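Trainee: Data: model-v5.txt, compact mmCIF, C-alpha atoms.
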# COMPACT_ATOMS: atom_id res chain seq x y z
CA MET A 969 15.81 -182.67 -16.12
CA ARG A 970 16.95 -182.59 -19.74
CA ILE A 971 17.04 -179.45 -21.84
CA SER A 972 13.87 -180.52 -23.65
CA GLU A 973 11.91 -180.62 -20.38
CA LEU A 974 13.43 -177.33 -19.20
CA SER A 975 12.36 -175.81 -22.52
CA GLU A 976 8.84 -177.19 -22.21
CA ARG A 977 8.37 -175.99 -18.62
CA THR A 978 9.59 -172.44 -19.30
CA GLY A 979 8.54 -171.90 -22.90
CA VAL A 980 12.12 -170.95 -23.76
CA SER A 981 13.59 -172.72 -26.80
CA PRO A 982 16.68 -174.94 -26.36
CA ALA A 983 18.60 -172.56 -28.64
CA SER A 984 17.76 -169.61 -26.37
CA ILE A 985 18.65 -171.64 -23.25
CA LYS A 986 22.10 -172.31 -24.74
CA TYR A 987 22.43 -168.66 -25.74
CA TYR A 988 21.62 -167.41 -22.22
CA THR A 989 24.16 -169.88 -20.82
CA ARG A 990 26.86 -168.68 -23.23
CA GLU A 991 26.06 -165.05 -22.32
CA GLY A 992 26.37 -165.84 -18.60
CA LEU A 993 22.73 -165.18 -17.67
CA LEU A 994 21.97 -168.83 -16.91
CA PRO A 995 24.35 -171.12 -14.98
CA ALA A 996 25.40 -174.15 -17.00
CA GLY A 997 23.61 -177.42 -16.25
CA GLU A 998 25.43 -180.45 -14.88
CA ARG A 999 27.22 -182.43 -17.55
CA THR A 1000 25.93 -185.99 -17.25
CA GLY A 1001 27.48 -187.52 -20.35
CA TYR A 1002 28.47 -186.80 -23.90
CA ASN A 1003 25.87 -184.40 -25.32
CA SER A 1004 23.61 -184.57 -22.27
CA THR A 1005 23.17 -182.00 -19.50
CA ALA A 1006 20.97 -182.04 -16.40
CA TYR A 1007 19.08 -178.97 -15.20
CA ASP A 1008 17.20 -178.42 -11.94
CA GLU A 1009 14.55 -176.14 -10.44
CA SER A 1010 17.04 -173.29 -10.06
CA HIS A 1011 17.32 -173.20 -13.86
CA VAL A 1012 13.55 -173.04 -14.22
CA ALA A 1013 13.36 -170.10 -11.82
CA ARG A 1014 16.27 -168.31 -13.46
CA LEU A 1015 14.84 -168.70 -16.98
CA ARG A 1016 11.53 -167.25 -15.79
CA LEU A 1017 13.37 -164.28 -14.31
CA ILE A 1018 15.31 -163.77 -17.58
CA ARG A 1019 12.13 -163.81 -19.66
CA ALA A 1020 10.33 -161.49 -17.24
CA LEU A 1021 13.15 -158.94 -17.51
CA ILE A 1022 13.40 -159.20 -21.30
CA ASP A 1023 9.81 -159.82 -22.42
CA THR A 1024 7.87 -157.88 -19.81
CA GLY A 1025 10.50 -155.39 -18.68
CA GLY A 1026 11.71 -154.71 -22.22
CA LEU A 1027 15.40 -155.01 -21.30
CA THR A 1028 18.01 -156.04 -23.82
CA VAL A 1029 19.83 -159.32 -23.20
CA ALA A 1030 22.90 -157.28 -22.18
CA ALA A 1031 20.95 -155.17 -19.67
CA ALA A 1032 19.25 -158.28 -18.26
CA GLY A 1033 22.71 -159.81 -17.91
CA GLU A 1034 23.93 -156.90 -15.79
CA VAL A 1035 20.86 -157.04 -13.58
CA ILE A 1036 21.30 -160.80 -13.09
CA ALA A 1037 25.00 -160.41 -12.36
CA ALA A 1038 24.00 -157.98 -9.59
CA ILE A 1039 21.60 -160.56 -8.15
CA ASP A 1040 24.27 -163.28 -8.31
CA SER A 1041 27.08 -161.21 -6.85
CA PRO A 1042 27.66 -162.52 -3.30
CA ASP A 1043 28.94 -159.26 -1.84
CA ILE A 1044 27.00 -156.59 -3.73
CA ASP A 1045 25.53 -153.91 -1.50
CA LEU A 1046 21.96 -152.81 -1.92
CA ASP A 1047 23.03 -149.37 -3.09
CA HIS A 1048 24.94 -150.86 -5.99
CA ALA A 1049 22.12 -153.22 -6.98
CA PHE A 1050 19.81 -150.25 -6.89
CA GLY A 1051 22.05 -148.26 -9.22
CA ILE A 1052 22.31 -151.09 -11.75
CA ALA A 1053 18.55 -151.66 -11.80
CA GLN A 1054 17.86 -147.93 -12.06
CA ARG A 1055 20.15 -147.66 -15.07
CA SER A 1056 18.64 -150.67 -16.84
CA VAL A 1057 15.91 -148.70 -18.59
CA PRO A 1058 14.80 -150.27 -21.83
CA ARG A 1059 15.78 -147.34 -24.02
CA ASP A 1060 18.59 -144.98 -24.88
CA VAL A 1061 18.09 -141.38 -23.98
CA THR A 1062 19.12 -138.48 -26.20
CA PRO A 1063 20.96 -135.81 -24.19
CA PRO A 1064 18.28 -133.48 -22.82
CA SER A 1065 18.34 -129.68 -23.00
CA SER A 1066 19.44 -127.66 -19.98
CA THR A 1067 15.95 -126.12 -19.89
CA ALA A 1068 14.36 -129.52 -19.43
CA ILE A 1069 16.92 -130.56 -16.81
CA GLU A 1070 16.18 -127.35 -14.88
CA GLN A 1071 12.46 -128.15 -15.09
CA VAL A 1072 13.12 -131.57 -13.53
CA ARG A 1073 15.35 -130.02 -10.87
CA ALA A 1074 12.60 -127.54 -9.99
CA VAL A 1075 10.24 -130.46 -9.35
CA MET A 1076 12.94 -132.13 -7.24
CA ARG A 1077 13.40 -128.99 -5.12
CA GLU A 1078 9.66 -128.66 -4.66
CA ARG A 1079 9.40 -132.24 -3.38
CA GLY A 1080 12.65 -132.11 -1.41
CA TRP A 1081 14.17 -134.90 -3.48
CA ALA A 1082 17.94 -135.12 -3.08
CA THR A 1083 19.86 -137.44 -5.37
CA VAL A 1084 23.35 -137.91 -6.69
CA ALA A 1085 24.06 -135.79 -9.75
CA ASP A 1086 24.00 -138.70 -12.19
CA ASN A 1087 20.70 -140.24 -11.17
CA PRO A 1088 19.48 -141.80 -14.44
CA GLY A 1089 15.94 -140.58 -13.86
CA ILE A 1090 16.96 -136.96 -14.41
CA PRO A 1091 17.97 -137.26 -18.09
CA LEU A 1092 15.15 -139.77 -18.67
CA ALA A 1093 12.45 -137.40 -17.39
CA ALA A 1094 14.11 -134.35 -18.99
CA SER A 1095 14.31 -135.98 -22.42
CA VAL A 1096 10.58 -136.65 -22.28
CA LEU A 1097 9.94 -132.99 -21.45
CA ASP A 1098 12.03 -132.05 -24.51
CA ASP A 1099 9.99 -134.43 -26.66
CA LEU A 1100 6.74 -133.05 -25.30
CA ALA A 1101 7.90 -129.49 -26.03
CA THR A 1102 8.49 -130.32 -29.70
CA THR A 1103 5.04 -131.90 -30.02
CA ARG A 1104 3.06 -128.99 -28.54
CA THR A 1105 1.96 -131.25 -25.68
CA ASP A 1106 2.23 -129.41 -22.39
CA LEU A 1107 2.40 -131.55 -19.27
CA SER A 1108 4.18 -128.94 -17.14
CA ALA A 1109 0.96 -128.11 -15.29
CA VAL A 1110 0.54 -131.74 -14.22
CA LEU A 1111 4.20 -132.33 -13.36
CA PRO A 1112 3.81 -131.44 -9.65
CA ARG A 1113 0.90 -133.87 -9.37
CA TYR A 1114 2.87 -136.62 -11.09
CA ALA A 1115 5.65 -135.95 -8.57
CA GLU A 1116 3.24 -136.10 -5.64
CA ALA A 1117 2.00 -139.49 -6.84
CA ILE A 1118 5.53 -140.74 -7.46
CA ASP A 1119 6.41 -139.94 -3.84
CA ILE A 1120 3.73 -142.42 -2.74
CA ILE A 1121 5.06 -145.02 -5.20
CA ALA A 1122 8.71 -144.65 -4.18
CA GLU A 1123 7.79 -144.93 -0.49
CA ALA A 1124 5.87 -148.14 -1.29
CA ASP A 1125 8.84 -149.41 -3.34
CA LEU A 1126 11.18 -149.02 -0.38
CA ASP A 1127 8.71 -150.71 1.96
CA ALA A 1128 8.54 -153.67 -0.44
CA VAL A 1129 12.34 -153.94 -0.39
CA ALA A 1130 12.50 -153.65 3.41
CA ALA A 1131 9.78 -156.31 3.81
CA SER A 1132 11.46 -158.81 1.51
CA GLY A 1133 13.50 -160.53 4.19
CA ASP A 1134 17.07 -161.70 3.72
CA ARG A 1135 19.67 -159.75 1.82
CA ASP A 1136 19.57 -162.00 -1.29
CA GLN A 1137 15.85 -161.53 -1.62
CA MET A 1138 16.18 -157.78 -1.00
CA THR A 1139 18.57 -157.48 -3.95
CA GLU A 1140 16.19 -159.43 -6.17
CA THR A 1141 13.22 -157.32 -5.05
CA VAL A 1142 15.17 -154.15 -5.82
CA VAL A 1143 16.07 -155.10 -9.37
CA VAL A 1144 12.89 -156.96 -10.32
CA GLY A 1145 10.70 -154.39 -8.58
CA ILE A 1146 12.28 -151.45 -10.35
CA VAL A 1147 12.21 -152.99 -13.83
CA LEU A 1148 8.80 -154.66 -13.68
CA GLY A 1149 7.24 -152.02 -11.44
CA ASP A 1150 7.35 -149.53 -14.32
CA VAL A 1151 5.25 -151.89 -16.44
CA LEU A 1152 2.84 -152.66 -13.60
CA LEU A 1153 2.30 -148.93 -13.10
CA ALA A 1154 1.79 -148.41 -16.86
CA GLY A 1155 -0.91 -151.08 -16.76
CA LEU A 1156 -2.68 -149.57 -13.75
CA ARG A 1157 -2.48 -146.13 -15.38
CA ARG A 1158 -4.34 -147.37 -18.45
CA ILE A 1159 -7.09 -148.85 -16.32
CA ALA A 1160 -7.44 -145.70 -14.21
CA GLN A 1161 -7.39 -143.42 -17.27
CA GLU A 1162 -10.34 -145.23 -18.77
CA SER A 1163 -12.22 -145.27 -15.49
CA HIS A 1164 -11.66 -141.54 -14.95
CA THR A 1165 -12.74 -140.83 -18.54
CA HIS A 1166 -16.04 -142.60 -18.00
CA ARG A 1167 -16.55 -140.91 -14.66
CA ARG A 1168 -15.87 -137.47 -16.10
CA TYR A 1169 -17.52 -137.61 -19.52
CA ARG A 1170 -20.11 -140.35 -19.30
CA GLY A 1171 -21.57 -140.13 -15.84
CA GLY A 1172 -19.80 -143.36 -14.91
CA VAL A 1173 -21.42 -145.44 -17.65
CA VAL A 1174 -18.95 -147.87 -19.16
CA PRO A 1175 -19.80 -149.20 -22.63
CA GLY A 1176 -20.18 -152.97 -22.75
CA GLN A 1177 -20.77 -153.30 -19.02
CA ALA A 1178 -24.01 -154.72 -17.67
CA HIS A 1179 -26.76 -152.10 -17.71
CA GLU A 1180 -30.44 -151.75 -18.53
CA PRO A 1181 -31.40 -152.10 -22.22
CA GLY A 1182 -31.51 -148.78 -23.99
CA GLN A 1183 -29.15 -147.13 -21.56
CA ALA A 1184 -26.20 -147.46 -23.91
CA ASN A 1185 -27.49 -144.68 -26.10
CA GLU A 1186 -27.47 -142.30 -23.18
CA THR A 1187 -23.69 -142.33 -22.88
CA ARG A 1188 -22.36 -139.02 -24.03
CA GLU A 1189 -19.81 -138.99 -26.82
CA LEU A 1190 -16.43 -137.55 -25.97
CA THR A 1191 -15.98 -135.58 -29.16
CA MET B 565 13.54 -127.00 -47.60
CA ARG B 566 15.35 -129.92 -49.18
CA ILE B 567 15.58 -133.38 -47.64
CA SER B 568 19.18 -132.69 -46.57
CA GLU B 569 18.10 -129.69 -44.49
CA LEU B 570 15.13 -131.58 -43.05
CA SER B 571 17.52 -134.37 -42.09
CA GLU B 572 19.95 -131.94 -40.49
CA ARG B 573 17.28 -130.13 -38.48
CA THR B 574 15.68 -133.31 -37.12
CA GLY B 575 18.65 -135.66 -36.88
CA VAL B 576 16.72 -138.21 -38.95
CA SER B 577 18.64 -139.68 -41.90
CA PRO B 578 17.29 -139.15 -45.44
CA ALA B 579 16.83 -142.92 -45.73
CA SER B 580 14.65 -142.95 -42.61
CA ILE B 581 12.69 -139.92 -43.86
CA LYS B 582 11.91 -141.81 -47.07
CA TYR B 583 11.04 -144.92 -45.08
CA TYR B 584 8.58 -143.05 -42.84
CA THR B 585 6.98 -141.51 -45.94
CA ARG B 586 6.58 -144.92 -47.59
CA GLU B 587 5.05 -146.32 -44.36
CA GLY B 588 2.56 -143.45 -44.21
CA LEU B 589 3.86 -141.84 -41.00
CA LEU B 590 5.16 -138.71 -42.75
CA PRO B 591 3.22 -136.87 -45.49
CA ALA B 592 5.15 -136.69 -48.78
CA GLY B 593 6.93 -133.42 -49.53
CA GLU B 594 6.00 -131.27 -52.50
CA ARG B 595 7.54 -132.49 -55.74
CA THR B 596 9.45 -129.49 -57.15
CA GLY B 597 11.26 -131.17 -60.00
CA TYR B 598 12.86 -134.39 -61.10
CA ASN B 599 14.52 -135.90 -58.02
CA SER B 600 13.83 -132.89 -55.79
CA THR B 601 11.19 -132.52 -53.09
CA ALA B 602 10.37 -129.57 -50.82
CA TYR B 603 9.53 -130.01 -47.14
CA ASP B 604 8.18 -127.48 -44.65
CA GLU B 605 7.88 -126.90 -40.91
CA SER B 606 5.03 -129.40 -40.64
CA HIS B 607 7.49 -132.11 -41.70
CA VAL B 608 9.98 -131.02 -39.04
CA ALA B 609 7.28 -131.21 -36.35
CA ARG B 610 6.00 -134.55 -37.57
CA LEU B 611 9.48 -136.12 -37.68
CA ARG B 612 10.11 -135.00 -34.11
CA LEU B 613 6.85 -136.60 -33.04
CA ILE B 614 7.77 -139.83 -34.83
CA ARG B 615 11.17 -139.99 -33.13
CA ALA B 616 9.67 -139.17 -29.74
CA LEU B 617 7.20 -142.04 -30.05
CA ILE B 618 9.81 -144.51 -31.32
CA ASP B 619 13.00 -143.50 -29.49
CA THR B 620 11.61 -142.25 -26.19
CA GLY B 621 8.28 -144.06 -26.10
CA GLY B 622 9.76 -147.34 -27.31
CA LEU B 623 7.01 -147.95 -29.89
CA THR B 624 7.59 -149.98 -33.02
CA VAL B 625 7.28 -148.17 -36.36
CA ALA B 626 3.96 -149.95 -36.89
CA ALA B 627 2.57 -148.87 -33.51
CA ALA B 628 3.79 -145.29 -34.05
CA GLY B 629 2.04 -145.39 -37.43
CA GLU B 630 -1.29 -146.31 -35.83
CA VAL B 631 -0.93 -143.55 -33.26
CA ILE B 632 -0.12 -141.00 -35.97
CA ALA B 633 -3.02 -142.17 -38.13
CA ALA B 634 -5.26 -141.45 -35.14
CA ILE B 635 -3.85 -137.93 -34.86
CA ASP B 636 -4.32 -137.34 -38.59
CA SER B 637 -7.82 -138.74 -38.80
CA PRO B 638 -10.17 -135.75 -39.25
CA ASP B 639 -13.19 -137.34 -37.61
CA ILE B 640 -11.73 -139.54 -34.89
CA ASP B 641 -13.39 -139.18 -31.53
CA LEU B 642 -11.35 -138.78 -28.40
CA ASP B 643 -12.48 -142.17 -27.11
CA HIS B 644 -11.05 -143.91 -30.13
CA ALA B 645 -7.76 -141.99 -29.98
CA PHE B 646 -7.54 -142.94 -26.34
CA GLY B 647 -8.03 -146.62 -27.13
CA ILE B 648 -5.34 -146.64 -29.81
CA ALA B 649 -2.82 -144.88 -27.58
CA GLN B 650 -3.63 -147.16 -24.66
CA ARG B 651 -3.01 -150.22 -26.81
CA SER B 652 0.28 -148.94 -28.20
CA VAL B 653 2.42 -150.31 -25.37
CA PRO B 654 5.95 -151.07 -26.43
CA ARG B 655 5.78 -154.79 -25.66
CA ASP B 656 3.78 -157.93 -26.24
CA VAL B 657 2.09 -159.41 -23.23
CA THR B 658 1.93 -163.13 -22.52
CA PRO B 659 -1.60 -164.17 -21.54
CA PRO B 660 -1.83 -163.72 -17.77
CA SER B 661 -3.20 -166.27 -15.30
CA SER B 662 -6.74 -165.95 -14.00
CA THR B 663 -5.29 -165.54 -10.49
CA ALA B 664 -3.36 -162.46 -11.56
CA ILE B 665 -6.34 -161.01 -13.42
CA GLU B 666 -8.46 -161.48 -10.29
CA GLN B 667 -5.76 -159.70 -8.26
CA VAL B 668 -5.96 -156.72 -10.66
CA ARG B 669 -9.76 -156.77 -10.55
CA ALA B 670 -9.67 -156.70 -6.75
CA VAL B 671 -7.58 -153.52 -6.91
CA MET B 672 -10.05 -152.07 -9.42
CA ARG B 673 -13.00 -152.83 -7.13
CA GLU B 674 -11.20 -151.30 -4.17
CA ARG B 675 -10.61 -148.05 -6.08
CA GLY B 676 -13.97 -148.05 -7.81
CA TRP B 677 -12.36 -148.26 -11.25
CA ALA B 678 -14.85 -149.28 -13.94
CA THR B 679 -13.51 -150.07 -17.41
CA VAL B 680 -14.52 -151.99 -20.47
CA ALA B 681 -13.60 -155.68 -20.26
CA ASP B 682 -10.76 -155.46 -22.77
CA ASN B 683 -8.88 -152.52 -21.25
CA PRO B 684 -5.26 -153.27 -22.23
CA GLY B 685 -4.01 -152.30 -18.76
CA ILE B 686 -5.62 -155.36 -17.19
CA PRO B 687 -3.53 -158.03 -18.99
CA LEU B 688 -0.47 -155.74 -18.82
CA ALA B 689 -0.64 -155.37 -15.04
CA ALA B 690 -1.68 -159.00 -14.53
CA SER B 691 1.23 -160.35 -16.59
CA VAL B 692 3.63 -158.40 -14.38
CA LEU B 693 2.05 -159.94 -11.28
CA ASP B 694 2.57 -163.39 -12.84
CA ASP B 695 6.21 -162.54 -13.53
CA LEU B 696 6.69 -161.27 -9.99
CA ALA B 697 5.15 -164.45 -8.58
CA THR B 698 7.68 -166.62 -10.44
CA THR B 699 10.58 -164.53 -9.17
CA ARG B 700 9.62 -164.62 -5.47
CA THR B 701 9.15 -160.85 -5.53
CA ASP B 702 5.99 -159.91 -3.70
CA LEU B 703 4.52 -156.52 -4.51
CA SER B 704 0.97 -157.42 -3.49
CA ALA B 705 1.29 -155.48 -0.22
CA VAL B 706 2.18 -152.30 -2.12
CA LEU B 707 -0.41 -152.74 -4.87
CA PRO B 708 -3.12 -150.66 -3.11
CA ARG B 709 -0.63 -147.82 -2.64
CA TYR B 710 0.42 -147.98 -6.29
CA ALA B 711 -3.27 -147.77 -7.20
CA GLU B 712 -3.80 -144.79 -4.90
CA ALA B 713 -0.92 -142.97 -6.61
CA ILE B 714 -2.15 -143.93 -10.07
CA ASP B 715 -5.51 -142.35 -9.28
CA ILE B 716 -3.73 -139.02 -8.81
CA ILE B 717 -1.81 -139.52 -12.08
CA ALA B 718 -4.88 -140.46 -14.14
CA GLU B 719 -6.79 -137.45 -12.81
CA ALA B 720 -3.86 -135.22 -13.82
CA ASP B 721 -3.74 -136.92 -17.24
CA LEU B 722 -7.36 -136.06 -17.93
CA ASP B 723 -6.87 -132.48 -16.76
CA ALA B 724 -3.96 -132.13 -19.21
CA VAL B 725 -6.18 -133.36 -22.04
CA ALA B 726 -9.04 -131.06 -21.05
CA ALA B 727 -6.67 -128.07 -20.84
CA SER B 728 -5.14 -128.66 -24.26
CA GLY B 729 -7.61 -126.53 -26.17
CA ASP B 730 -8.96 -127.49 -29.58
CA ARG B 731 -9.94 -131.00 -30.57
CA ASP B 732 -6.87 -131.62 -32.75
CA GLN B 733 -4.56 -130.73 -29.92
CA MET B 734 -6.61 -132.82 -27.48
CA THR B 735 -6.11 -135.90 -29.66
CA GLU B 736 -2.38 -135.25 -29.81
CA THR B 737 -2.17 -134.70 -26.04
CA VAL B 738 -4.00 -137.98 -25.45
CA VAL B 739 -1.71 -140.10 -27.58
CA VAL B 740 1.59 -138.37 -26.81
CA GLY B 741 0.73 -137.99 -23.14
CA ILE B 742 -0.12 -141.65 -22.69
CA VAL B 743 2.94 -142.98 -24.51
CA LEU B 744 5.55 -140.53 -23.21
CA GLY B 745 3.90 -140.11 -19.80
CA ASP B 746 4.90 -143.67 -18.89
CA VAL B 747 8.55 -142.78 -19.52
CA LEU B 748 8.33 -139.48 -17.66
CA LEU B 749 6.88 -141.31 -14.67
CA ALA B 750 9.62 -143.96 -14.86
CA GLY B 751 12.20 -141.17 -14.72
CA LEU B 752 10.58 -139.44 -11.75
CA ARG B 753 10.29 -142.79 -9.97
CA ARG B 754 14.04 -143.36 -10.23
CA ILE B 755 14.76 -139.94 -8.78
CA ALA B 756 12.29 -140.40 -5.91
CA GLN B 757 13.54 -143.91 -5.15
CA GLU B 758 17.05 -142.65 -4.66
CA SER B 759 15.90 -139.70 -2.59
CA HIS B 760 13.77 -141.91 -0.34
CA THR B 761 16.67 -144.35 0.04
CA HIS B 762 18.94 -141.60 1.29
CA ARG B 763 16.26 -140.25 3.57
CA ARG B 764 15.55 -143.65 5.07
CA TYR B 765 18.98 -145.23 5.32
CA ARG B 766 21.45 -142.36 5.35
CA GLY B 767 19.79 -139.64 7.36
CA GLY B 768 19.31 -137.65 4.16
CA VAL B 769 23.00 -137.51 3.26
CA VAL B 770 23.51 -137.93 -0.47
CA PRO B 771 26.97 -139.04 -1.60
CA GLY B 772 28.69 -136.56 -3.88
CA GLN B 773 26.53 -133.64 -2.79
CA ALA B 774 28.01 -130.57 -1.16
CA HIS B 775 28.70 -131.17 2.52
CA GLU B 776 31.36 -130.54 5.13
CA PRO B 777 34.67 -132.37 4.63
CA GLY B 778 34.78 -135.69 6.47
CA GLN B 779 31.03 -136.03 6.54
CA ALA B 780 31.02 -138.50 3.67
CA ASN B 781 32.28 -141.30 5.92
CA GLU B 782 29.33 -140.87 8.20
CA THR B 783 26.86 -142.15 5.63
CA ARG B 784 25.64 -145.55 6.67
CA GLU B 785 26.05 -148.42 4.26
CA LEU B 786 22.85 -150.01 3.07
CA THR B 787 24.04 -153.60 3.30
Could you render the structure from this file as structure tokens?
Mentor:
Amino acid sequence: MRISELSERTGVSPASIKYYTREGLLPAGERTGYNSTAYDESHVARLRLIRALIDTGGLTVAAAGEVIAAIDSPDIDLDHAFGIAQRSVPRDVTPPSSTAIEQVRAVMRERGWATVADNPGIPLAASVLDDLATTRTDLSAVLPRYAEAIDIIAEADLDAVAASGDRDQMTETVVVGIVLGDVLLAGLRRIAQESHTHRRYRGGVVPGQAHEPGQANETRELT
Amino acid sequence: MRISELSERTGVSPASIKYYTREGLLPAGERTGYNSTAYDESHVARLRLIRALIDTGGLTVAAAGEVIAAIDSPDIDLDHAFGIAQRSVPRDVTPPSSTAIEQVRAVMRERGWATVADNPGIPLAASVLDDLATTRTDLSAVLPRYAEAIDIIAEADLDAVAASGDRDQMTETVVVGIVLGDVLLAGLRRIAQESHTHRRYRGGVVPGQAHEPGQANETRELT
């Protein structure tokens, strides 16, 4: 297909398609003549992956490029792919305090989590604890429960990787699952937060949902 | 204190301080003379909150402004603060397919989650499922386990809000906890993923950790 069709099918502009090709994220199409290039289904799939990582996952083009290079690498081991995906968080982290790092390490000891010293999750979690400390928001009481829940999630993550079949697909599941999984979990958390709020403060009544006339006024205010 | 000291204590440049004041995120300092303004500890705290929301939470300046307006509003109810924080996700979502929305709703029914129809988590989670579908990554088998874990997290979230004391602090815990909690959970997930990987594939041996000489070669490769 021509670049115009590729653009139409993926919603990615021709200028962006050329940019991703120049940056090495998208393999070049087949040159079929002066000023004309042919693309195939593999380009459609790749462009969708690129946009998922950048638009949904919030990665920079550079970070998405590293993740895609890991997927493309013929002899990458799963460990390495894992490390690249883990590091591809969509934001820079300010160096955390030693207090916050110790707080994270205490949670790790409690759950029996052993990692290499430079696991990127340690400074990421610790920097959030530093931020929370400056804003008078105390989540330290809930930290062990977050960790308990995360154990369930990480176990499920590894099962998804193990179930994904051949080695190529495993690598892709690792990187896509790590990056997009964060966003999926953020979405589910918002749904569950609202549901729990209604359950706790409103006797389960959800505003705007089907109910008997007059019942709406019975919902208790949260203030 | 002068703007130079405020800048030094918070790491925010004077230009950014002026920008946040113009945009309404930071209250103006007290005018003490021609070209000189005095700031106090409330400005230090506020600037740290702004940077936490933007740098760690990944919010845009506009989204951080809405969240801060909610905190500052004297008569905002908790419900409303909750809604604003829930909507302040750091990325735009492409409209999800009806298939993906139905997949999310099935999870909600399974867990007994009731929400208003426009809960922002529904399109957020559904758009990730669409992205995953285009990249051949199947997380549908793990979705119920993610939801089970998220139930624990949401319950802990509400306990943190309830424990935070007066109404002002509750509002701040809601908005800061929602925005930064996502990042904290992403950090913990990376730690747990690595720990589970070692437990499952390497008999618990973590490379680079203290162990007997020669033992390093016994770790199994993941490939």
Trainee: Excluding region 693-697 of chain B and residues on its chain fewer than 5 positions from it, collect all residues at most 10 Å away from it, counting only C-alpha atoms, and give them as a PyMOL selection string.
Mentor: (chain A and resi 1016-1017+1019-1021+1023-1025+1141+1144-1145+1148-1149+1152) or (chain B and resi 658-665+667-668+687-688+702-704+707)
Trainee: What residues in chain A have any atom no more than 6 Å from chain B when counting all atoms listed in the file, and can you write them as a PyMOL selection string?
Mentor: chain A and resi 1017+1020+1045-1046+1081-1083+1089+1092-1093+1096+1099+1103+1105+1110+1114+1117-1118+1121-1122+1124+1141+1152+1155-1163+1190-1191
Trainee: Just how far from CA of Gly992 (chain A) is CA of Ser1056 (chain A), in Å to one decimal?
Mentor: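 Computed distance, CA of Ser1056 (chain A) to CA of Gly992 (chain A), equals 17.1 Å.
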Trainee: May I ask for the distance between CA of Ala1030 (chain A) and CA of Ile971 (chain A), given in Å to one decimal place?
Mentor: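 CA of Ile971 (chain A) lies at a distance of 22.9 Å from CA of Ala1030 (chain A).
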Trainee: To one decimal place in Å, what is the distance between CA of Ala1031 (chain A) and CA of Pro982 (chain A)?
Mentor: 21.3 Å
Trainee: Could you check the closest approach to Arg595 (chain B) for each of B:Met565, B:Ala726, B:Ile632, B:Ile648 and tell me which residue wins, using all atoms listed in the file?
Mentor: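 Smallest separation from Arg595 (chain B) among the options: B:Met565.
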Trainee: From the list B:Ala670, B:Leu590, B:Ile581, B:Ala602, which residue is nearest Ala633 (chain B) when using only C-alpha atoms?
Mentor: B:Leu590
